[in-house]
Every structure is written in structure tokens, then in C-alpha cells.
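Everything on this sheet refers to the single structure shown next.
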Amino acid sequence: MKKTIKKLAAVGLTLTSVMSLVACGNNNGGDNNPGGNGDNDSKEITKPTDEIEIMVDNTVVTESNGGEAFYKYLMELTGLKLKFIRPDHNGYYDAVASAFASDAQPDVVLLSSDYYALYASNGFLWNMTDAWENSDLKKSGRLIATADNIFNALKVNGEDGTKAMYGFSPYRGNGCCTFIKKSWLEASNIDVAKVQGVTMDWNTYYGYLKQMAADKGHYVISAPDFISLEAPYTNYLPEFYQNAQFTFYQNASGQFVDGFSEKAMQDALQRLQDGVKDGVLDKASLGQKTSDARNKFYSTDAASESGVFTYWAGTWANTLKQNLESKGLDGTLVAINPIKELGTYVERIAPAWCITNDAKNPEGIFKYFIETMLDGGDVQTAWEYGAKGTHWDDKAESVTIAKKEDDIKTYKEGEFHMLPQPEKPDTWMPKNHIDPILALAKFNGSGDPGQGAITEVARENGEWFATVSKVATPLPMTEVLGLNITDINTARQEVISKVALGEWTVEEGMNQYKSKVGSNVEACLKSLNSQK
């Protein structure tokens, strides 16, 4: 199995081929993962002395933004030898697939919920259930009240079909809410009081979008594509998708069904097509990166600026505000309630830190690297805020950001404060990997040292989002689903893009979907419903 994947890697590996082949199962490492580390109570856990290779995406502070300083600081705090591997953000999961196809897998890899379930079900990940159950962190009393919801969601089917924890999330998954620039509402004579704190219906909301598009003479929304490539998929255009499900889900009767085949998705596709035709949605959203969509929201060019953006709640609410203001724009944003037809926003299942079956001393890696992310002290501070002296400090000093040199902030010795971002010195460093608002464990003693650095905008938006969202339900992985899901999702994405741009009608799109992958869909449903 592994040799087959390696051959593909040598001639130009594609994610589609690996995702399909991985589902055949991985027989390598079975001895390392015999259903859990049940002898954890009696086994002495030694601190790793070998270098630990860790594959991460851009949710960990990047090299251009002081990442190297963070790595060094983390090694000083933990006493571990760490090597961080960071593939290109947009090709991250191709790189992960290539790594699993090679003889040089990383020891630790950060995976989104979809890929986590896939690799866990095929025996690539170490079962950390017992390590977690016997951990000091679980016994600490510092976990937040809803932490069990997150850890229960991390229990997925392993290679033998047994549910277990193959990954660890140190924070809640968070989700996206829709922000409208107050300046755009006012420019279109739309009463802010009729938008802020109000549960609008679709017709009201869409009417406002069309009004703003007419006044500006171009699109209102430029999104990171018309569909996200990972769960919860519809989070960047929630009002257009409403209750439509992109993938398989378990309905109220307990049956797994294909959400993409349902009328709710057909209605959503029509809304997308209408949005593009009416000039509300940017045609260039197709294939657009999140950074490109953000840049249009920050743009000072009136011809390309967007005014409505659905993006991550909490810390990003403040980051969006800061970036707008750094361009000399009005940073006042209105985060709208979920519209009536949507009901609630969706909180994703948090990405998971996983230990691969090729790792030496996985128990030690869990205890001294993963568990310490929530140690309630210096290491948790580093994961939340970055490196001392680069991203934050607590020494007596005066600090200012570029372009606002007259706004000097002065701090006393021992007073925690954020520093300007290394790559964007005109904005303050917001956070590192763990959003302080979403962390699953509280700090020891006097609490989070950076609590005072969390802006009121971020705190209020994060707390509000928790009241208007629900946690996504993980989709179980089966062998048949693993073999077919990439082809099915590719077909779904094609339908969405062609219908949105008016190349196909909704009916034509659905006919194409059934023609291309209808049998694959039926096979997946059969496998999902037979495993209950």
C-alpha cells in the first residue's frame, strides 16, 4: 500500500489519488496502534530527546511574522528539539498526503476535521485515548465547561472501527459570521438600527445587498470561492446556502442522506446564480484565496472594494477593524445575526494535533509537546500570543505602531502587552495558534497574562458568536466513503461553480452531478447507513 502511494509521489502526486488510495488502508504501523496505549498507567513516560518533526499550516505564526522566534522560544520553554515543516498554505493537504506516502512521515501533523477522520480510519495516526484519559491536564480542573463537547467530537473511527481519540484540539473550532461595513450601510441610506441586532429574513437581507450593489456600481461580496474546501463548507456564504448541506449528513430520522441532492441545495444554487447575475456576488470569487478576498475588503480602490464579508468571529473581528483603519478606512463593522432562514451560524470542529504511527515515543510527545499547549503557564502563553520580545513583552517600555507614531502606549515593568506584527508593523500582533477567547483550559493562579490585551471588539464578538452558533456534527469515515469522497466533492464543486456563473442551470447541474457520481453517492450512503 505504502509503496503504491510512494510511486505516485515520484511521478507527480495528486491529492485525489492519495485520498482514494489511502482509503484502501495502511498496514504499516499496525503494531504501534493496537487500539490504544492501554499500558499507559504502568509505562514510564520519558521526555523525547530526538528532534520532533511537526507539520503545520498557517494557523501557527508564520516565519514571515516571527515564526522562527516562536520556535526558538518554545524550545527554550519545553526543552524539546523541534523542527517545524510548513508547506504552502493552499497546497497544505497535498503536502500532507505526500508526507504520508513517503518513508519520512512527520512525527506530528495538524489536520482539519475531514482529513483527521480519513487518516485516523486508515491507521496512520496514533491512538491517544489513554494518554488523554490519564493526563494531568484532564485532571487539572482547568478545562472550560464545554471542553468535553470538543473532545467527544474528536472520537472517530479507527482502522478497526473503534471510536477513539487520534488527535487533540487545544481550542474551540470557532466559525464565521457576516460583517457589513457601517459606512456602506450609511452610504446607501440603510438604517443601521434595522440591521444590527436584528434577525432579518432573506428577502430583507438580499434587498439591502442589491441596494448597496446599485449604489456602488459593483459587487458587494467577494468570497473565498463559492464553497469552502473543508468542513463546514458553506461557512463563507451562509446566507446563500441557509440550511443546505454540502455533503452527507444524518437527518432527523437517523438516516444518512446526501445533502447535495436535496432541494435545499438546489435553492441555494439558484441564490448563488442570482447573486452573481444581480451583481451582488463577485464573479472572481471562483477559486479565490482567503487572502485575496480579505484584500478586497481592505481595498482603498472604490472599483474593487467589497462591503460585506463573512469571516471568522472573535479575534478576526478586531483584525478586520485594524486592517481597515490602517488603510485610512472606517473600521466600524456590523456583525449581523444569522438570518431567519439560516437560524444559527456553524462552529467548526477544531483542527486536531495528531501523532503519526511512525513517531518514536508517542507518549512522550503527547505529554511534553501536545499536553503542554494548555499548561496554564508559559507554554500556553506562547501558543496563545507568540514569542516574548517578538510578539509580546512585559518589560517597561513605550510602544507604537507604524503610521500612528503619535499614539504612544507606555507600559510598566511586568505589564503584559502586545507588540507590532513583524510583517505588518502598522498593526498590533493579534494572537498565535490558540485564540485566547477559544482556549479549552484556563490559566493557573491569576489567570491569562494577556487577558487585558484582548480588545473589547474581539471579546464581545467572540462571546456573541457563541450564543448564535452551534457546533458542527462530524461525518464518520468509512472505507467506501474514503475511496469516493474526493471524486464526489470535485463533482459538487464543479456544479456550484458552473451554476453560480450561469454556465449551467440548477437542473443541468444536478443532472451532471447524478450522471458523474450518482452511483458513488449511493455506495457511500449504503456504507454509512450499514455501519450504525
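Convention: chains lettered A, B, ... in C-alpha cells order; per-chain residue numbering from 1; ligands numbered from 1 as shown.
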
Inset, instruction - Mind the document's chain letters and residue numbers, and return as a PyMOL selection string the residues of range 123-319 of chain A that DSSP labels helix (DSSP H, G or I). - result: chain A and resi 129-133+136-139+147-153+182-187+192-194+202-216+238-241+259-261+263-277+283-285+290-298+315-319

Using only C-alpha atoms, tabulate the residues of range 136-199 of chain A lying at most 12 Å from any atom of range 300-306 of chain A, each with its closest atom pair and that distance in Å to one decimal, by chain and increasing residue number, as a tab-separated table.
residue	atom	partner	partner_atom	distance
A:Phe179	CA	A:Ser306	CA	11.0
A:Ile180	CA	A:Ser306	CA	9.5
A:Lys181	CA	A:Ser306	CA	9.0
A:Ser183	CA	A:Ser306	CA	11.6
A:Trp184	CA	A:Ser306	CA	9.4

Inset, instruction - Write out as a VMD selection string which residues come within 6 Å of range 434-442 of chain A when counting only C-alpha atoms, dropping same-chain ones fewer than 6 positions away. - result: chain A and resid 142 to 144 147 170 to 172 383 to 384

N, CA and C atoms of the current selection, written as a short mmCIF file (atom, residue, chain, number, x, y, z; two decimals), in the first residue's frame:
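Output saved as again_29.cif:
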data_model
loop_
_atom_site.label_atom_id
_atom_site.label_comp_id
_atom_site.auth_asym_id
_atom_site.auth_seq_id
_atom_site.Cartn_x
_atom_site.Cartn_y
_atom_site.Cartn_z
N ARG A 142 -8.89 22.70 35.17
CA ARG A 142 -8.80 23.98 34.48
C ARG A 142 -9.57 24.00 33.16
N LEU A 143 -10.14 22.86 32.75
CA LEU A 143 -10.84 22.81 31.47
C LEU A 143 -12.14 23.61 31.54
N ILE A 144 -12.48 24.25 30.43
CA ILE A 144 -13.73 25.02 30.39
C ILE A 144 -14.92 24.07 30.38
N ALA A 147 -15.55 21.82 27.25
CA ALA A 147 -14.40 21.13 26.67
C ALA A 147 -14.75 19.70 26.24
N PRO A 170 -6.60 22.08 21.21
CA PRO A 170 -6.46 22.92 22.41
C PRO A 170 -7.46 24.07 22.48
N TYR A 171 -8.32 24.19 21.46
CA TYR A 171 -9.26 25.31 21.45
C TYR A 171 -10.54 24.94 20.71
N ARG A 172 -11.59 25.72 20.97
CA ARG A 172 -12.84 25.56 20.23
C ARG A 172 -12.62 25.90 18.76
N TRP A 383 1.73 29.71 22.98
CA TRP A 383 0.82 29.23 21.93
C TRP A 383 -0.33 30.22 21.69
N GLU A 384 -0.67 30.99 22.70
CA GLU A 384 -1.73 31.99 22.53
C GLU A 384 -1.21 33.29 21.93
#

Can you list every residue of range 287-373 of chain A that has an atom at most 12 Å from range 188-211 of chain A, with its nearest atom pair and the distance in Å to one decimal, using only C-alpha atoms, ordered by chain then number, as a Markdown table?
| residue | atom | partner | partner_atom | distance |
| --- | --- | --- | --- | --- |
| A:Ser306 | CA | A:Leu209 | CA | 11.2 |
| A:Gly307 | CA | A:Leu209 | CA | 9.3 |
| A:Val308 | CA | A:Leu209 | CA | 8.5 |
| A:Phe309 | CA | A:Leu209 | CA | 11.7 |
| A:Thr332 | CA | A:Val192 | CA | 11.5 |
| A:Leu333 | CA | A:Gln196 | CA | 9.7 |
| A:Val334 | CA | A:Gln196 | CA | 6.1 |
| A:Ala335 | CA | A:Gln196 | CA | 7.0 |
| A:Ile336 | CA | A:Gln196 | CA | 5.8 |
| A:Asn337 | CA | A:Thr199 | CA | 5.5 |
| A:Pro338 | CA | A:Thr199 | CA | 6.5 |
| A:Ile339 | CA | A:Met200 | CA | 5.1 |
| A:Lys340 | CA | A:Asp201 | CA | 4.9 |
| A:Glu341 | CA | A:Asp201 | CA | 6.5 |
| A:Leu342 | CA | A:Trp202 | CA | 8.8 |
| A:Gly343 | CA | A:Thr199 | CA | 9.1 |
| A:Thr344 | CA | A:Thr199 | CA | 10.6 |

Legend entry - Ser530 in chain A environment, 10 Å, only C-alpha atoms, sequence neighbours closer than 4 positions dropped, as a list in words: Gln255, Phe256, Cys524, Leu525 and Lys526 of chain A

Just-selected residues, N, CA and C atoms written as a tab-separated table (two decimals), in the first residue's frame:
chain	number	residue	atom	x	y	z
A	255	GLN	N	-31.13	8.61	9.47
A	255	GLN	CA	-30.58	8.08	8.23
A	255	GLN	C	-29.56	9.05	7.66
A	256	PHE	N	-28.48	8.50	7.10
A	256	PHE	CA	-27.53	9.34	6.38
A	256	PHE	C	-28.09	9.61	4.99
A	524	CYS	N	-21.72	5.26	-1.04
A	524	CYS	CA	-21.33	5.90	0.23
A	524	CYS	C	-22.47	5.86	1.23
A	525	LEU	N	-23.67	6.16	0.75
A	525	LEU	CA	-24.83	6.14	1.65
A	525	LEU	C	-25.05	4.73	2.21
A	526	LYS	N	-24.88	3.74	1.38
A	526	LYS	CA	-25.05	2.36	1.83
A	526	LYS	C	-24.03	2.02	2.92

Legend entry - Those of range 38-130 of chain A in DSSP strand (DSSP E), formatted as a ChimeraX atom specification: /A:52-55,82-85,108-111

Store the residues picked out above, limited to C-alpha atoms, as a short mmCIF file (atom, residue, chain, number, x, y, z; two decimals), in the first residue's frame.
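What ended up in result09.cif:
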data_model
loop_
_atom_site.label_atom_id
_atom_site.label_comp_id
_atom_site.auth_asym_id
_atom_site.auth_seq_id
_atom_site.Cartn_x
_atom_site.Cartn_y
_atom_site.Cartn_z
CA ILE A 52 10.37 16.11 16.74
CA GLU A 53 9.23 16.95 13.20
CA ILE A 54 5.97 18.89 13.14
CA MET A 55 3.93 19.72 10.01
CA LEU A 82 11.52 20.85 17.42
CA LYS A 83 11.58 21.11 13.64
CA PHE A 84 8.57 22.83 12.11
CA ILE A 85 7.68 22.00 8.50
CA VAL A 108 3.20 15.39 14.47
CA VAL A 109 0.76 16.80 11.94
CA LEU A 110 -2.05 19.35 12.25
CA LEU A 111 -5.22 18.16 10.46
#

Legend entry - Which of A:His89, A:Lys470, A:Lys431, A:Lys498 sits closest to Val61 in chain A [using only C-alpha atoms]: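 Closest residue, counting only C-alpha atoms: A:Lys431.
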
Legend entry - 7 Å contact set for range 243-253 of chain A, only C-alpha atoms, chain neighbours under 5 positions out, as a list in words: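 Final neighbour list, sorted by chain and number: Tyr233, Asp258, Gly259, Phe260, Ala264, Met265, Ala268, Leu342 and Leu475 of chain A.
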
Legend entry - Separation of CA of Gln322 in chain A from CA of Asp406 in chain A, in Å and rounded to one decimal: 16.6 Å

Inset, instruction - Would you list the contacts of Lys289 in chain A as a PyMOL selection string, taking every protein, DNA or RNA residue within 10 Å and counting only C-alpha atoms, but skipping same-chain residues closer than 5 positions in sequence? - result: chain A and resi 90+223-225+294-295

Inset, instruction - Find the residues near range 414-426 of chain A: any atom within 8 Å, counting only C-alpha atoms, skip ones fewer than 5 places away on the same chain, and give them as a list in words. - result: Ser64, Asn65, Gly66, Ser326, Thr390, His391, Trp392, Asp393, Asp394, Lys395, Ala396, Val399, Thr400, Ile401, Ala402, Lys403, Lys404, Pro449, Gly450, Gly452 and Ala453 of chain A

Inset, instruction - Between CA of Thr310 in chain A and CA of Phe240 in chain A, measure the distance and give it in Å to one decimal. - result: 11.4 Å

Legend entry - Residue among A:Lys216, A:Arg348, A:Lys277, A:Lys139 lying closest to Glu503 in chain A, counting only C-alpha atoms: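 Nearest candidate to Glu503 in chain A out of A:Lys216, A:Arg348, A:Lys277, A:Lys139: A:Lys277.
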
Inset, instruction - Identify which of the residues A:Phe168, A:Tyr345, A:Trp353, A:Trp132 lies closest to Asn235 in chain A, counting only C-alpha atoms when measuring atom-to-atom distances. - result: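 So, comparing all the options, the nearest one is A:Tyr345.
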
Legend entry - Counting only C-alpha atoms, the residue of A:Leu272, A:Ala382, A:Leu320, A:Ile150 that sits nearest Ala293 in chain A: A:Leu320

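What separates CA of Trp464 in chain A from CA of Ile221 in chain A is a distance of 22.9 Å.
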